[in-house]
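Below: one structure, written as structure tokens.
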There are 2 protein chains.
Amino acid sequence: MSRDLQSWNEGAAKTAILEFVEQVASAVPVEERVAVFDADGTLWCEQPVPVEVDFILRRLAEQAKGDPKLRKKQPWKAAYEHDNDWLGQAITEHYAGDDTKAKMLLGGVSGAFAGISVEDFEAKSGSFLRSAQHPTLGRGYLETAYVPMVELLAYLEANGFTNHIVSGSGGDFMRPISQEVFGIPIERVIGSATVLEYANGGGTLTRKAQLGFLDDGPQKPIQIWTRTGRRPLVAGGNSNGDLPMLDFAQRPDGPSLRLLVLHDDAEREFAYTSGAEKALAEAKKGGWTVVSMKDDFATVFAPTPRAEVDHR
Amino acid sequence: MSRDLQSWNEGAAKTAILEFVEQVASAVPVEERVAVFDADGTLWCEQPVPVEVDFILRRLAEQAKGDPKLRKKQPWKAAYEHDNDWLGQAITEHYAGDDTKAKMLLGGVSGAFAGISVEDFEAKSGSFLRSAQHPTLGRGYLETAYVPMVELLAYLEANGFTNHIVSGSGGDFMRPISQEVFGIPIERVIGSATVLEYANGGGTLTRKAQLGFLDDGPQKPIQIWTRTGRRPLVAGGNSNGDLPMLDFAQRPDGPSLRLLVLHDDAEREFAYTSGAEKALAEAKKGGWTVVSMKDDFATVFAPTPRAEVDHR
């Protein structure tokens, strides 16, 4: 019995991973072992809202606090009133194909940190990620990383894979903690991008109030190709937005591994399939590996909370 | 005397490089040692036209051969008639700030390989780069790489630097040969991007007849940040389009190296400063290191031509 993947229960998912890695070891050159993982809902918790959304909501609430007119306008209104229903709907409806609320949300999101330098943004997101508390799980955001997935990343890396995060959240948002939490260096974090502006003679890159691209759906394989020049061998996701990336992880002549994390553990995490219906159907059809958090994860989160968590 | 950089003559440029690397070795962590280099005119020859332009012109000429209407329209007309003057003007005027011809050229360029998959494009560009001959230098395109610059890349890598190509030419165009010629793996090739389209259920990425972004001018620091999440320590370029990237390579509290290749060697390569005037002025003002091909390069090109060059 393998001593790898100790936080995984024995079962079809664990077996599929171990067998795939064994196959690859003898069949695929190291430089082609590209693995890509969605972040929110795949590597760490995305409920009740994705981590970056909380980060931005706190900023919008802060802006609304200083400007009563903003309090009547979405998404500042929802942020100020802690109206998680409206915000949850924006996300759910986006995955179901209706972008009306998502576009309003993105409008606020894009402007939330406009006019600040990329280095200042990095400092702000790093400080938030290291201190903020998940609203219901009683742990810091960094501790909402799924232990079995972090183990999987390490196992893949030990077997010559190059792991990437390919997230709908901002690349610059996750970078300050990607190495520490997921063992993934910052240059391998691929995410949504804000339009940046360069000012000569001082070298400052400033964030504009405009989304460059949303790294979701078909944009994920596009970004993977643009950044790595390769088709991945391993792809992990949990929602319809990951479907094209999972579909992209295929080779005409060799093994590939497609993992779809199923949120079916209301007790230890959350239970929901909303926004994942198409991906689940495709997984069934294509024989992809569905990872049940309830059945396949022996542990979900790390047992010991960090000492320095901000308990707001 | 150092045995590194043997193809460099002793002088201010070589000394600046050696002293910079020595300084960095004790002052900067390895993961921060990011180096970025323009390709055309910096790592290999860009005269009479950049390598990719020749690749595309041959394609446009082929298209015009099959369609007489195209022969009356730029840039197909110039390609079909081998009108290098028109093409050279498009590039020169672009660097001087007039994009009229450049936009016509880009129109043809963007459509030249539209509708083909990224893998097919890779095969086409790789095969072109490995077989096509430079029009006047009597050598294959791969042998127009500047030996001292290739040596510099290896020297930086040996000292813990991570080298990147940051080119106005297409990233996908250079990737098939970046490792072989420059020792730079494909995921560290940053270049202009064509809009790609993803088709589910088969996983094909197809090139569209539309430029995603031109990786030139302020787009260079933007792409460097988006891709690496870092500010470079070393930047090398040769034209006004590289100015923002060179400007970006600075740290408030540490050493950086900005190299500007000066084409002043009509005998061994080409002599021109057109399109580099602002960069040269800035180099003087900011104390950047100007690399004279005539004075600083002991050798320009590798002595032995490859055996398998296509002598069309």
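The way I read the labels, and the way they are meant: chains A, B, ... in the order of the structure tokens, residue 1 as the first residue of every chain, and ligand 1 as the first ligand shown, with later ones counted on from there.
Excluding Asp83 (chain A) itself and same-chain residues fewer than 5 positions from it, the residues having an atom within 12 Å of it are Pro48, Val49, Asp54, Leu57, Ala61, Arg71, Gln74, Pro75, Trp76, Lys77, Ala78, Gly88, Gln89 and Ala90 of chain A, counting only C-alpha atoms.
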(request) Find the residues near region 295-302 of chain B: any atom within 10 Å, counting only C-alpha atoms, skip ones fewer than 5 places away on the same chain, and give them as a ChimeraX atom specification. (result) /B:5-14,44-45,139,143-149,261-262,264-265,268-269,290
How would the residues just chosen look if you wrote them out with N, CA and C atoms as a PDB file, in the first residue's frame?
```
ATOM      1  N   LEU B   5      31.921  34.720 -20.673  1.00  0.00           N
ATOM      2  CA  LEU B   5      31.696  35.736 -21.711  1.00  0.00           C
ATOM      3  C   LEU B   5      32.896  35.879 -22.642  1.00  0.00           C
ATOM      4  N   GLN B   6      33.394  34.743 -23.130  1.00  0.00           N
ATOM      5  CA  GLN B   6      34.597  34.751 -23.971  1.00  0.00           C
ATOM      6  C   GLN B   6      34.398  35.419 -25.322  1.00  0.00           C
ATOM      7  N   SER B   7      33.145  35.486 -25.787  1.00  0.00           N
ATOM      8  CA  SER B   7      32.911  36.144 -27.076  1.00  0.00           C
ATOM      9  C   SER B   7      32.726  37.649 -26.925  1.00  0.00           C
ATOM     10  N   TRP B   8      32.910  38.136 -25.708  1.00  0.00           N
ATOM     11  CA  TRP B   8      32.848  39.579 -25.465  1.00  0.00           C
ATOM     12  C   TRP B   8      34.258  40.144 -25.378  1.00  0.00           C
ATOM     13  N   ASN B   9      34.477  41.272 -26.030  1.00  0.00           N
ATOM     14  CA  ASN B   9      35.747  41.969 -25.840  1.00  0.00           C
ATOM     15  C   ASN B   9      35.777  42.609 -24.459  1.00  0.00           C
ATOM     16  N   GLU B  10      36.990  42.777 -23.925  1.00  0.00           N
ATOM     17  CA  GLU B  10      37.120  43.515 -22.672  1.00  0.00           C
ATOM     18  C   GLU B  10      36.628  44.938 -22.915  1.00  0.00           C
ATOM     19  N   GLY B  11      35.943  45.495 -21.941  1.00  0.00           N
ATOM     20  CA  GLY B  11      35.443  46.860 -22.115  1.00  0.00           C
ATOM     21  C   GLY B  11      34.361  47.145 -21.093  1.00  0.00           C
ATOM     22  N   ALA B  12      33.774  48.311 -21.206  1.00  0.00           N
ATOM     23  CA  ALA B  12      32.810  48.774 -20.197  1.00  0.00           C
ATOM     24  C   ALA B  12      31.601  47.844 -20.088  1.00  0.00           C
ATOM     25  N   ALA B  13      31.094  47.343 -21.231  1.00  0.00           N
ATOM     26  CA  ALA B  13      29.884  46.512 -21.193  1.00  0.00           C
ATOM     27  C   ALA B  13      30.151  45.204 -20.454  1.00  0.00           C
ATOM     28  N   LYS B  14      31.218  44.512 -20.838  1.00  0.00           N
ATOM     29  CA  LYS B  14      31.559  43.238 -20.197  1.00  0.00           C
ATOM     30  C   LYS B  14      31.808  43.441 -18.706  1.00  0.00           C
ATOM     31  N   TRP B  44      18.791  37.970 -31.666  1.00  0.00           N
ATOM     32  CA  TRP B  44      19.108  37.547 -33.040  1.00  0.00           C
ATOM     33  C   TRP B  44      18.756  38.676 -33.992  1.00  0.00           C
ATOM     34  N   CYS B  45      19.161  38.476 -35.244  1.00  0.00           N
ATOM     35  CA  CYS B  45      19.080  39.514 -36.257  1.00  0.00           C
ATOM     36  C   CYS B  45      17.631  39.874 -36.607  1.00  0.00           C
ATOM     37  N   ARG B 139      23.309  32.386 -44.006  1.00  0.00           N
ATOM     38  CA  ARG B 139      23.176  31.409 -42.921  1.00  0.00           C
ATOM     39  C   ARG B 139      21.702  31.225 -42.601  1.00  0.00           C
ATOM     40  N   GLU B 143      20.938  30.519 -37.026  1.00  0.00           N
ATOM     41  CA  GLU B 143      22.345  30.901 -36.875  1.00  0.00           C
ATOM     42  C   GLU B 143      22.544  32.404 -36.921  1.00  0.00           C
ATOM     43  N   THR B 144      21.444  33.158 -36.908  1.00  0.00           N
ATOM     44  CA  THR B 144      21.594  34.606 -36.777  1.00  0.00           C
ATOM     45  C   THR B 144      21.506  35.022 -35.310  1.00  0.00           C
ATOM     46  N   ALA B 145      21.449  34.037 -34.414  1.00  0.00           N
ATOM     47  CA  ALA B 145      21.524  34.348 -32.978  1.00  0.00           C
ATOM     48  C   ALA B 145      22.903  34.901 -32.684  1.00  0.00           C
ATOM     49  N   TYR B 146      22.950  35.934 -31.827  1.00  0.00           N
ATOM     50  CA  TYR B 146      24.228  36.548 -31.499  1.00  0.00           C
ATOM     51  C   TYR B 146      24.935  35.711 -30.434  1.00  0.00           C
ATOM     52  N   VAL B 147      26.096  35.186 -30.789  1.00  0.00           N
ATOM     53  CA  VAL B 147      26.837  34.313 -29.877  1.00  0.00           C
ATOM     54  C   VAL B 147      27.091  34.958 -28.501  1.00  0.00           C
ATOM     55  N   PRO B 148      27.514  36.229 -28.437  1.00  0.00           N
ATOM     56  CA  PRO B 148      27.762  36.814 -27.107  1.00  0.00           C
ATOM     57  C   PRO B 148      26.491  36.894 -26.253  1.00  0.00           C
ATOM     58  N   MET B 149      25.345  37.090 -26.896  1.00  0.00           N
ATOM     59  CA  MET B 149      24.097  37.174 -26.130  1.00  0.00           C
ATOM     60  C   MET B 149      23.680  35.788 -25.632  1.00  0.00           C
ATOM     61  N   VAL B 261      21.426  46.985 -26.912  1.00  0.00           N
ATOM     62  CA  VAL B 261      22.311  46.554 -28.003  1.00  0.00           C
ATOM     63  C   VAL B 261      22.295  47.609 -29.109  1.00  0.00           C
ATOM     64  N   LEU B 262      23.491  48.106 -29.436  1.00  0.00           N
ATOM     65  CA  LEU B 262      23.624  49.131 -30.480  1.00  0.00           C
ATOM     66  C   LEU B 262      24.108  48.472 -31.776  1.00  0.00           C
ATOM     67  N   ASP B 264      25.887  48.809 -34.699  1.00  0.00           N
ATOM     68  CA  ASP B 264      26.859  49.727 -35.309  1.00  0.00           C
ATOM     69  C   ASP B 264      27.918  48.954 -36.087  1.00  0.00           C
ATOM     70  N   ASP B 265      27.531  47.775 -36.546  1.00  0.00           N
ATOM     71  CA  ASP B 265      28.512  46.918 -37.201  1.00  0.00           C
ATOM     72  C   ASP B 265      28.031  46.507 -38.588  1.00  0.00           C
ATOM     73  N   ARG B 268      29.824  43.159 -40.066  1.00  0.00           N
ATOM     74  CA  ARG B 268      29.470  41.811 -39.613  1.00  0.00           C
ATOM     75  C   ARG B 268      27.971  41.595 -39.502  1.00  0.00           C
ATOM     76  N   GLU B 269      27.214  42.689 -39.235  1.00  0.00           N
ATOM     77  CA  GLU B 269      25.752  42.540 -39.139  1.00  0.00           C
ATOM     78  C   GLU B 269      25.093  43.684 -39.896  1.00  0.00           C
ATOM     79  N   VAL B 290      25.252  50.451 -22.811  1.00  0.00           N
ATOM     80  CA  VAL B 290      25.092  50.304 -24.258  1.00  0.00           C
ATOM     81  C   VAL B 290      26.109  49.270 -24.743  1.00  0.00           C
TER      82      VAL B 290
END
```
(message) Could you work out which residues of chain A fall inside 10 Å of chain B? Count only C-alpha atoms, and format the result as an NGL selection string.
(response) :A and (31 or 118-119 or 122 or 171-172 or 175-176 or 185-206 or 217-231 or 243-252 or 282 or 286)
Restricted to C-alpha atoms, what would the selected residues look like written as a short mmCIF file (atom, residue, chain, number, x, y, z; two decimals), in the first residue's frame?
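The result, stored in again06.cif:
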```cif
data_model
loop_
_atom_site.label_atom_id
_atom_site.label_comp_id
_atom_site.auth_asym_id
_atom_site.auth_seq_id
_atom_site.Cartn_x
_atom_site.Cartn_y
_atom_site.Cartn_z
CA GLU A 31 8.84 18.70 -19.28
CA VAL A 118 0.71 46.24 -8.30
CA GLU A 119 3.13 46.12 -5.38
CA GLU A 122 0.20 42.53 -3.43
CA GLY A 171 -3.61 35.97 -10.32
CA ASP A 172 -2.16 38.87 -8.36
CA ARG A 175 0.35 35.05 -5.51
CA PRO A 176 1.40 36.26 -2.05
CA PRO A 185 5.60 29.50 -7.20
CA ILE A 186 4.10 32.84 -8.20
CA GLU A 187 5.02 32.56 -11.87
CA ARG A 188 2.80 29.48 -12.11
CA VAL A 189 -0.29 31.26 -10.80
CA ILE A 190 -2.61 31.99 -13.72
CA GLY A 191 -5.73 33.98 -12.93
CA SER A 192 -8.04 36.74 -14.03
CA ALA A 193 -6.23 39.95 -14.86
CA THR A 194 -6.98 43.59 -14.27
CA VAL A 195 -5.90 46.04 -16.96
CA LEU A 196 -2.58 47.56 -15.92
CA GLU A 197 -1.03 50.84 -16.96
CA TYR A 198 2.68 51.48 -17.14
CA ALA A 199 4.20 54.85 -16.25
CA ASN A 200 7.70 55.42 -17.63
CA GLY A 201 10.46 56.89 -15.52
CA GLY A 202 9.88 55.26 -12.19
CA GLY A 203 8.56 51.99 -13.40
CA THR A 204 5.16 51.91 -11.76
CA LEU A 205 2.44 49.51 -12.89
CA THR A 206 -0.97 50.75 -11.77
CA GLY A 217 -14.56 28.79 -19.08
CA PRO A 218 -12.82 28.71 -22.50
CA GLN A 219 -10.38 31.37 -21.30
CA LYS A 220 -8.75 28.74 -19.05
CA PRO A 221 -7.35 26.54 -21.85
CA ILE A 222 -6.43 29.71 -23.76
CA GLN A 223 -4.43 31.05 -20.82
CA ILE A 224 -2.84 27.66 -20.15
CA TRP A 225 -1.59 27.51 -23.73
CA THR A 226 -0.45 31.13 -23.78
CA ARG A 227 1.44 30.71 -20.53
CA THR A 228 2.86 27.19 -20.77
CA GLY A 229 2.78 26.40 -24.49
CA ARG A 230 1.54 22.95 -23.54
CA ARG A 231 -1.58 20.90 -23.17
CA LEU A 243 -15.09 22.24 -18.01
CA PRO A 244 -13.07 23.53 -20.99
CA MET A 245 -9.84 23.19 -18.99
CA LEU A 246 -10.69 19.60 -18.04
CA ASP A 247 -11.64 18.90 -21.63
CA PHE A 248 -8.33 20.39 -22.80
CA ALA A 249 -6.33 17.94 -20.65
CA GLN A 250 -6.18 15.18 -23.20
CA ARG A 251 -3.61 13.56 -25.43
CA PRO A 252 -4.43 11.49 -28.46
CA GLU A 282 -19.44 15.57 -18.66
CA GLY A 286 -16.08 11.05 -20.29
#
```
(request) Enumerate, as a PyMOL selection string, the complete set of residues in region 74-220 of chain A that a backbone-based DSSP assignment places in strand (DSSP E or B). (result) chain A and resi 117+133+140+145+162-170+189-199+204-213
Residues from the last selection, N, CA, C and O atoms, saved as a CSV table (one decimal), in the first residue's frame:
```csv
chain,number,residue,atom,x,y,z
A,117,SER,N,-0.7,50.7,-7.1
A,117,SER,CA,0.3,50.0,-7.8
A,117,SER,C,0.2,48.5,-7.5
A,117,SER,O,-0.4,48.0,-6.6
A,133,GLN,N,-10.5,35.8,8.6
A,133,GLN,CA,-11.1,34.6,9.1
A,133,GLN,C,-12.2,34.2,8.2
A,133,GLN,O,-13.0,35.0,7.7
A,140,GLY,N,-8.8,30.5,9.7
A,140,GLY,CA,-8.3,31.5,8.7
A,140,GLY,C,-8.5,31.0,7.3
A,140,GLY,O,-8.5,29.8,7.1
A,145,ALA,N,-7.6,25.6,2.9
A,145,ALA,CA,-7.0,24.7,1.8
A,145,ALA,C,-7.3,23.3,2.2
A,145,ALA,O,-7.3,22.9,3.3
A,162,THR,N,4.8,19.8,-13.1
A,162,THR,CA,4.8,21.2,-12.8
A,162,THR,C,3.4,21.6,-12.6
A,162,THR,O,2.6,21.6,-13.5
A,163,ASN,N,3.1,22.0,-11.3
A,163,ASN,CA,1.7,22.4,-11.0
A,163,ASN,C,1.5,23.9,-11.2
A,163,ASN,O,2.3,24.7,-11.0
A,164,HIS,N,0.3,24.2,-11.7
A,164,HIS,CA,-0.2,25.5,-11.9
A,164,HIS,C,-1.5,25.7,-11.3
A,164,HIS,O,-2.4,24.8,-11.3
A,165,ILE,N,-1.8,26.9,-10.8
A,165,ILE,CA,-3.1,27.4,-10.4
A,165,ILE,C,-3.7,28.1,-11.6
A,165,ILE,O,-3.0,28.9,-12.2
A,166,VAL,N,-4.9,27.7,-12.0
A,166,VAL,CA,-5.6,28.4,-13.1
A,166,VAL,C,-7.0,28.8,-12.5
A,166,VAL,O,-7.9,28.0,-12.6
A,167,SER,N,-7.1,30.0,-12.0
A,167,SER,CA,-8.2,30.4,-11.2
A,167,SER,C,-9.0,31.6,-11.9
A,167,SER,O,-8.4,32.4,-12.6
A,168,GLY,N,-10.3,31.6,-11.6
A,168,GLY,CA,-11.1,32.7,-12.0
A,168,GLY,C,-10.8,33.9,-11.1
A,168,GLY,O,-11.1,35.0,-11.5
A,169,SER,N,-10.3,33.7,-10.0
A,169,SER,CA,-9.9,34.8,-9.1
A,169,SER,C,-8.6,35.4,-9.7
A,169,SER,O,-8.0,34.9,-10.6
A,170,GLY,N,-8.2,36.6,-9.2
A,170,GLY,CA,-7.1,37.3,-9.7
A,170,GLY,C,-5.8,36.6,-9.5
A,170,GLY,O,-5.5,36.1,-8.4
A,189,VAL,N,1.1,30.9,-11.1
A,189,VAL,CA,-0.3,31.3,-10.8
A,189,VAL,C,-0.9,32.0,-12.0
A,189,VAL,O,-0.4,33.1,-12.4
A,190,ILE,N,-1.9,31.4,-12.6
A,190,ILE,CA,-2.6,32.0,-13.7
A,190,ILE,C,-4.0,32.3,-13.2
A,190,ILE,O,-4.7,31.5,-12.6
A,191,GLY,N,-4.4,33.6,-13.4
A,191,GLY,CA,-5.7,34.0,-12.9
A,191,GLY,C,-6.3,35.1,-13.8
A,191,GLY,O,-5.7,35.5,-14.8
A,192,SER,N,-7.5,35.6,-13.4
A,192,SER,CA,-8.0,36.7,-14.0
A,192,SER,C,-7.1,37.9,-13.9
A,192,SER,O,-6.3,38.0,-12.9
A,193,ALA,N,-7.2,38.8,-14.9
A,193,ALA,CA,-6.2,40.0,-14.9
A,193,ALA,C,-7.0,41.3,-15.0
A,193,ALA,O,-7.9,41.4,-15.7
A,194,THR,N,-6.5,42.2,-14.2
A,194,THR,CA,-7.0,43.6,-14.3
A,194,THR,C,-6.1,44.3,-15.3
A,194,THR,O,-4.9,44.0,-15.5
A,195,VAL,N,-6.7,45.2,-16.0
A,195,VAL,CA,-5.9,46.0,-17.0
A,195,VAL,C,-4.9,46.9,-16.2
A,195,VAL,O,-5.2,47.5,-15.1
A,196,LEU,N,-3.6,46.8,-16.6
A,196,LEU,CA,-2.6,47.6,-15.9
A,196,LEU,C,-2.1,48.7,-16.8
A,196,LEU,O,-2.2,48.6,-18.0
A,197,GLU,N,-1.6,49.7,-16.2
A,197,GLU,CA,-1.0,50.8,-17.0
A,197,GLU,C,0.4,51.1,-16.5
A,197,GLU,O,0.7,51.1,-15.3
A,198,TYR,N,1.3,51.3,-17.5
A,198,TYR,CA,2.7,51.5,-17.1
A,198,TYR,C,3.1,53.0,-17.2
A,198,TYR,O,2.8,53.6,-18.2
A,199,ALA,N,3.7,53.5,-16.2
A,199,ALA,CA,4.2,54.8,-16.3
A,199,ALA,C,5.7,54.8,-16.3
A,199,ALA,O,6.4,54.3,-15.4
A,204,THR,N,6.3,52.3,-12.5
A,204,THR,CA,5.2,51.9,-11.8
A,204,THR,C,4.1,51.3,-12.6
A,204,THR,O,3.6,51.9,-13.6
A,205,LEU,N,3.6,50.1,-12.3
A,205,LEU,CA,2.4,49.5,-12.9
A,205,LEU,C,1.2,49.8,-12.0
A,205,LEU,O,1.3,49.4,-10.8
A,206,THR,N,0.2,50.4,-12.6
A,206,THR,CA,-1.0,50.7,-11.8
A,206,THR,C,-2.2,50.0,-12.3
A,206,THR,O,-2.4,49.8,-13.5
A,207,ARG,N,-3.0,49.5,-11.3
A,207,ARG,CA,-4.3,48.8,-11.7
A,207,ARG,C,-5.3,49.8,-12.2
A,207,ARG,O,-5.6,50.9,-11.5
A,208,LYS,N,-6.0,49.5,-13.3
A,208,LYS,CA,-7.1,50.3,-13.8
A,208,LYS,C,-8.4,49.7,-13.4
A,208,LYS,O,-8.5,48.6,-12.9
A,209,ALA,N,-9.5,50.5,-13.5
A,209,ALA,CA,-10.8,50.0,-13.1
A,209,ALA,C,-11.4,49.2,-14.3
A,209,ALA,O,-12.5,49.5,-14.7
A,210,GLN,N,-10.7,48.3,-14.8
A,210,GLN,CA,-11.2,47.5,-15.9
A,210,GLN,C,-10.6,46.1,-15.9
A,210,GLN,O,-9.4,45.9,-15.7
A,211,LEU,N,-11.5,45.1,-16.1
A,211,LEU,CA,-11.0,43.8,-16.1
A,211,LEU,C,-10.3,43.5,-17.5
A,211,LEU,O,-10.9,43.8,-18.5
A,212,GLY,N,-9.2,42.9,-17.4
A,212,GLY,CA,-8.5,42.5,-18.6
A,212,GLY,C,-9.1,41.3,-19.2
A,212,GLY,O,-9.6,41.3,-20.4
A,213,PHE,N,-9.1,40.2,-18.5
A,213,PHE,CA,-9.9,39.0,-18.9
A,213,PHE,C,-10.3,38.3,-17.6
A,213,PHE,O,-9.6,38.3,-16.6
```
(message) List the spatial neighbours of Gly275 (chain B) as JSON, numbers by chain - criterion: any atom at most 7 Å away, only C-alpha atoms, same-chain residues fewer than 6 positions off excluded.
(response) {"B": [92, 95, 96, 239, 240]}
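The coordinates place CA of Glu19 (chain A) at 23.5 Å from CA of Ile184 (chain A).
Proximity ranking of A:Ser110, A:Val36, A:Phe55, A:Met293 relative to Ser127 (chain A) places A:Phe55 first, based on only C-alpha atoms.
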(request) Would you mind reading off the distance between CA of Leu87 (chain B) and CA of Lys278 (chain B), one decimal, in Å? (result) 21.9 Å
(request) For His263 (chain B), please output as a list in words all residues within 10 Å (counting only C-alpha atoms; exclusion window: fewer than 3 positions along the same chain). (result) Gly41, Thr42, Cys45, Asn238, Leu260, Ala266, Glu269, Phe270, Ala271, Tyr272, Thr273, Ser274, Ala276, Val291, Ser292, Met293 and Lys294 of chain B
Quick one: everything within 6 Å of Phe182 (chain B), counting only C-alpha atoms, minus sequence neighbours fewer than 3 positions away in the same chain. Send it as an mmCIF file with N, CA and C atoms, in the first residue's frame.
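What ended up in part.cif:
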```cif
data_model
loop_
_atom_site.group_PDB
_atom_site.id
_atom_site.type_symbol
_atom_site.label_atom_id
_atom_site.label_comp_id
_atom_site.auth_asym_id
_atom_site.auth_seq_id
_atom_site.Cartn_x
_atom_site.Cartn_y
_atom_site.Cartn_z
ATOM 1 N N VAL B 150 23.867 34.765 -26.464
ATOM 2 C CA VAL B 150 23.587 33.397 -26.036
ATOM 3 C C VAL B 150 24.496 33.030 -24.859
ATOM 4 N N SER B 178 13.162 27.994 -28.860
ATOM 5 C CA SER B 178 13.705 28.832 -27.778
ATOM 6 C C SER B 178 14.680 28.071 -26.884
ATOM 7 N N GLN B 179 14.371 26.807 -26.601
ATOM 8 C CA GLN B 179 15.261 26.011 -25.744
ATOM 9 C C GLN B 179 16.549 25.689 -26.485
#
```
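Between Glu22 (chain A) and the residues A:Leu137, A:Ala64, A:Ile177, A:Leu257, the shortest atom-to-atom distance, using only C-alpha atoms, involves A:Leu257.
Of the residues under consideration (A:Pro135, A:Ala235, A:Val109, A:Pro50), A:Ala235 shows the shortest atom-to-atom contact distance to Leu152 (chain A) when counting only C-alpha atoms.
Taking CA of Tyr155 (chain A) as the reference point, CA of Val21 (chain A) is found at 9.1 Å.
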